[in-house]
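J.: Have a peek at upload28.cif (mmCIF, N, CA and C atoms).
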data_entry
loop_
_atom_site.label_atom_id
_atom_site.label_comp_id
_atom_site.auth_asym_id
_atom_site.auth_seq_id
_atom_site.Cartn_x
_atom_site.Cartn_y
_atom_site.Cartn_z
N MET A 1 3.41 -1.06 11.07
CA MET A 1 4.00 0.26 10.88
C MET A 1 3.96 0.67 9.40
N ILE A 2 4.45 -0.21 8.52
CA ILE A 2 4.48 0.15 7.10
C ILE A 2 3.06 0.32 6.56
N TYR A 3 2.13 -0.48 7.09
CA TYR A 3 0.73 -0.36 6.67
C TYR A 3 0.20 1.04 6.97
N THR A 4 0.48 1.54 8.15
CA THR A 4 0.02 2.87 8.55
C THR A 4 0.63 3.95 7.66
N LEU A 5 1.90 3.82 7.37
CA LEU A 5 2.57 4.79 6.50
C LEU A 5 1.96 4.78 5.10
N LEU A 6 1.72 3.59 4.58
CA LEU A 6 1.12 3.48 3.24
C LEU A 6 -0.28 4.06 3.21
N LYS A 7 -1.06 3.76 4.24
CA LYS A 7 -2.44 4.25 4.30
C LYS A 7 -2.46 5.78 4.37
N ASN A 8 -1.57 6.37 5.16
CA ASN A 8 -1.49 7.82 5.25
C ASN A 8 -1.11 8.44 3.91
N LYS A 9 -0.16 7.83 3.25
CA LYS A 9 0.30 8.33 1.95
C LYS A 9 -0.83 8.30 0.92
N ILE A 10 -1.59 7.20 0.91
CA ILE A 10 -2.70 7.07 -0.03
C ILE A 10 -3.80 8.07 0.31
N THR A 11 -4.10 8.20 1.58
CA THR A 11 -5.15 9.13 2.03
C THR A 11 -4.82 10.57 1.65
N ARG A 12 -3.55 10.94 1.78
CA ARG A 12 -3.13 12.30 1.43
C ARG A 12 -3.06 12.49 -0.09
N GLY A 13 -2.95 11.40 -0.83
CA GLY A 13 -2.87 11.50 -2.28
C GLY A 13 -1.48 11.87 -2.79
N THR A 14 -0.48 11.64 -1.96
CA THR A 14 0.89 12.03 -2.32
C THR A 14 1.69 10.81 -2.78
N TYR A 15 1.27 10.23 -3.89
CA TYR A 15 1.96 9.04 -4.37
C TYR A 15 1.79 8.90 -5.88
N ASP A 16 2.73 8.18 -6.47
CA ASP A 16 2.61 7.77 -7.87
C ASP A 16 2.00 6.37 -7.84
N ARG A 17 0.86 6.21 -8.46
CA ARG A 17 0.10 4.96 -8.36
C ARG A 17 0.92 3.72 -8.72
N GLU A 18 1.57 3.74 -9.85
CA GLU A 18 2.33 2.57 -10.31
C GLU A 18 3.51 2.27 -9.38
N ASP A 19 4.21 3.31 -8.96
CA ASP A 19 5.35 3.14 -8.07
C ASP A 19 4.91 2.56 -6.73
N LEU A 20 3.86 3.09 -6.16
CA LEU A 20 3.39 2.62 -4.86
C LEU A 20 2.85 1.20 -4.96
N LYS A 21 2.18 0.88 -6.05
CA LYS A 21 1.65 -0.48 -6.24
C LYS A 21 2.80 -1.48 -6.30
N ASN A 22 3.89 -1.14 -6.98
CA ASN A 22 5.05 -2.02 -7.04
C ASN A 22 5.66 -2.22 -5.65
N LYS A 23 5.74 -1.15 -4.87
CA LYS A 23 6.28 -1.25 -3.50
C LYS A 23 5.38 -2.13 -2.64
N MET A 24 4.06 -1.94 -2.78
CA MET A 24 3.14 -2.74 -1.99
C MET A 24 3.22 -4.22 -2.38
N ASP A 25 3.42 -4.51 -3.64
CA ASP A 25 3.61 -5.89 -4.08
C ASP A 25 4.82 -6.50 -3.39
N THR A 26 5.88 -5.75 -3.29
CA THR A 26 7.10 -6.22 -2.64
C THR A 26 6.87 -6.43 -1.14
N TYR A 27 6.20 -5.46 -0.50
CA TYR A 27 5.91 -5.60 0.93
C TYR A 27 5.06 -6.83 1.20
N LEU A 28 4.10 -7.11 0.32
CA LEU A 28 3.26 -8.29 0.46
C LEU A 28 4.10 -9.55 0.29
N LEU A 29 4.95 -9.57 -0.71
CA LEU A 29 5.79 -10.73 -0.99
C LEU A 29 6.68 -11.09 0.20
N PHE A 30 7.21 -10.07 0.87
CA PHE A 30 8.13 -10.32 1.98
C PHE A 30 7.45 -10.28 3.35
N GLY A 31 6.12 -10.26 3.36
CA GLY A 31 5.39 -10.37 4.61
C GLY A 31 5.34 -9.12 5.46
N ARG A 32 5.64 -7.97 4.86
CA ARG A 32 5.58 -6.72 5.63
C ARG A 32 4.15 -6.22 5.80
N ILE A 33 3.25 -6.62 4.88
CA ILE A 33 1.83 -6.34 5.02
C ILE A 33 1.08 -7.64 4.71
N THR A 34 -0.13 -7.76 5.25
CA THR A 34 -0.94 -8.96 5.02
C THR A 34 -1.74 -8.80 3.73
N GLU A 35 -2.33 -9.90 3.29
CA GLU A 35 -3.18 -9.85 2.10
C GLU A 35 -4.39 -8.95 2.33
N GLU A 36 -4.93 -8.98 3.54
CA GLU A 36 -6.07 -8.13 3.87
C GLU A 36 -5.69 -6.65 3.79
N GLN A 37 -4.53 -6.31 4.33
CA GLN A 37 -4.06 -4.93 4.27
C GLN A 37 -3.81 -4.51 2.83
N TYR A 38 -3.21 -5.39 2.04
CA TYR A 38 -2.94 -5.11 0.63
C TYR A 38 -4.24 -4.83 -0.11
N THR A 39 -5.24 -5.66 0.13
CA THR A 39 -6.54 -5.48 -0.52
C THR A 39 -7.16 -4.15 -0.13
N GLU A 40 -7.08 -3.83 1.15
CA GLU A 40 -7.64 -2.55 1.62
C GLU A 40 -6.93 -1.37 0.98
N LEU A 41 -5.61 -1.42 0.94
CA LEU A 41 -4.83 -0.31 0.39
C LEU A 41 -5.07 -0.13 -1.10
N THR A 42 -5.10 -1.23 -1.84
CA THR A 42 -5.35 -1.11 -3.28
C THR A 42 -6.77 -0.60 -3.53
N GLY A 43 -7.71 -0.94 -2.65
CA GLY A 43 -9.06 -0.43 -2.75
C GLY A 43 -9.12 1.07 -2.54
N LEU A 44 -8.30 1.56 -1.62
CA LEU A 44 -8.24 3.00 -1.37
C LEU A 44 -7.65 3.76 -2.56
N MET A 45 -6.80 3.09 -3.31
CA MET A 45 -6.16 3.71 -4.46
C MET A 45 -7.11 3.85 -5.64
N ALA A 46 -8.16 3.05 -5.66
CA ALA A 46 -9.08 3.04 -6.80
C ALA A 46 -9.90 4.28 -6.92
#
Here is the file; what I need is its structure written in the form of C-alpha cells.
T.:
Amino acid sequence: MIYTLLKNKITRGTYDREDLKNKMDTYLLFGRITEEQYTELTGLMA
C-alpha cells in the first residue's frame, strides 16, 4: 500500500525530494517497503 502511494506521489511530481527520501529510508528500515521497491522508487526520483 505505502509503495503504491509513494510511486503515485513521485509520478505526479508532488514531493520534496529530500523529505520523501528521508521518509522512504524510514519505511525501508521498518520493513514497510522492500529493498527492490526502494531502489525502484529512488530511480524514479532521479
J.: Might you pull out every residue within 7 Å of region 3-6 of chain A, with all atoms listed in the file counted and same-chain residues fewer than 4 positions away left off, and present them as a ChimeraX atom specification?
T.: /A:10-11,32-33,41
J.: Give the padded box for region 19-37 of chain A as AutoDock Vina command-line options: axis-aligned, covering all atoms listed in the file, 3 Å on each side, centre and edge lengths in Å to one decimal.
T.:
--center_x 1.0 --center_y -3.9 --center_z -1.6 --size_x 20.2 --size_y 20.4 --size_z 20.8
J.: Which residues are near Ala46 (chain A)? Cut-off 12 Å, only C-alpha atoms, ignore same chain within fewer than 2 positions. Put them as number ranges by chain.
T.: A: 10-11, 13, 17-18, 21, 39-44
J.: Can you work out the spacing between atom C of Tyr38 (chain A) and CA of Lys7 (chain A) in Å, to one decimal?
T.: 10.3 Å
J.: Just the number, please: distance in Å from CA of Thr14 (chain A) to atom C of Phe30 (chain A), one decimal.
T.: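 Taking CA of Thr14 (chain A) and atom C of Phe30 (chain A), their separation equals 23.9 Å.
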J.: Just how far from atom N of Leu20 (chain A) is CA of Gln37 (chain A), in Å to one decimal?
T.: 15.4 Å
J.: If I only want region 2-14 of chain A, can you write it with N, CA and C atoms, as a tab-separated table (two decimals), in the first residue's frame?
T.:
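Output saved as part-v4.tsv:
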chain	number	residue	atom	x	y	z
A	2	ILE	N	1.82	1.34	0.92
A	2	ILE	CA	2.66	2.54	1.00
A	2	ILE	C	3.50	2.69	-0.27
A	3	TYR	N	3.91	1.56	-0.84
A	3	TYR	CA	4.68	1.59	-2.09
A	3	TYR	C	3.87	2.27	-3.19
A	4	THR	N	2.62	1.90	-3.32
A	4	THR	CA	1.75	2.48	-4.35
A	4	THR	C	1.56	3.97	-4.13
A	5	LEU	N	1.37	4.37	-2.90
A	5	LEU	CA	1.21	5.80	-2.59
A	5	LEU	C	2.47	6.58	-2.94
A	6	LEU	N	3.62	6.03	-2.58
A	6	LEU	CA	4.89	6.69	-2.88
A	6	LEU	C	5.11	6.80	-4.39
A	7	LYS	N	4.82	5.72	-5.10
A	7	LYS	CA	5.02	5.71	-6.55
A	7	LYS	C	4.12	6.75	-7.22
A	8	ASN	N	2.87	6.85	-6.78
A	8	ASN	CA	1.95	7.84	-7.34
A	8	ASN	C	2.44	9.25	-7.07
A	9	LYS	N	2.92	9.48	-5.87
A	9	LYS	CA	3.42	10.81	-5.49
A	9	LYS	C	4.62	11.20	-6.35
A	10	ILE	N	5.54	10.26	-6.56
A	10	ILE	CA	6.72	10.52	-7.37
A	10	ILE	C	6.32	10.75	-8.83
A	11	THR	N	5.42	9.93	-9.33
A	11	THR	CA	4.97	10.06	-10.72
A	11	THR	C	4.31	11.41	-10.98
A	12	ARG	N	3.53	11.87	-10.02
A	12	ARG	CA	2.87	13.17	-10.17
A	12	ARG	C	3.84	14.33	-9.98
A	13	GLY	N	4.96	14.08	-9.31
A	13	GLY	CA	5.95	15.13	-9.08
A	13	GLY	C	5.58	16.05	-7.93
A	14	THR	N	4.72	15.57	-7.05
A	14	THR	CA	4.26	16.40	-5.93
A	14	THR	C	4.98	16.03	-4.63
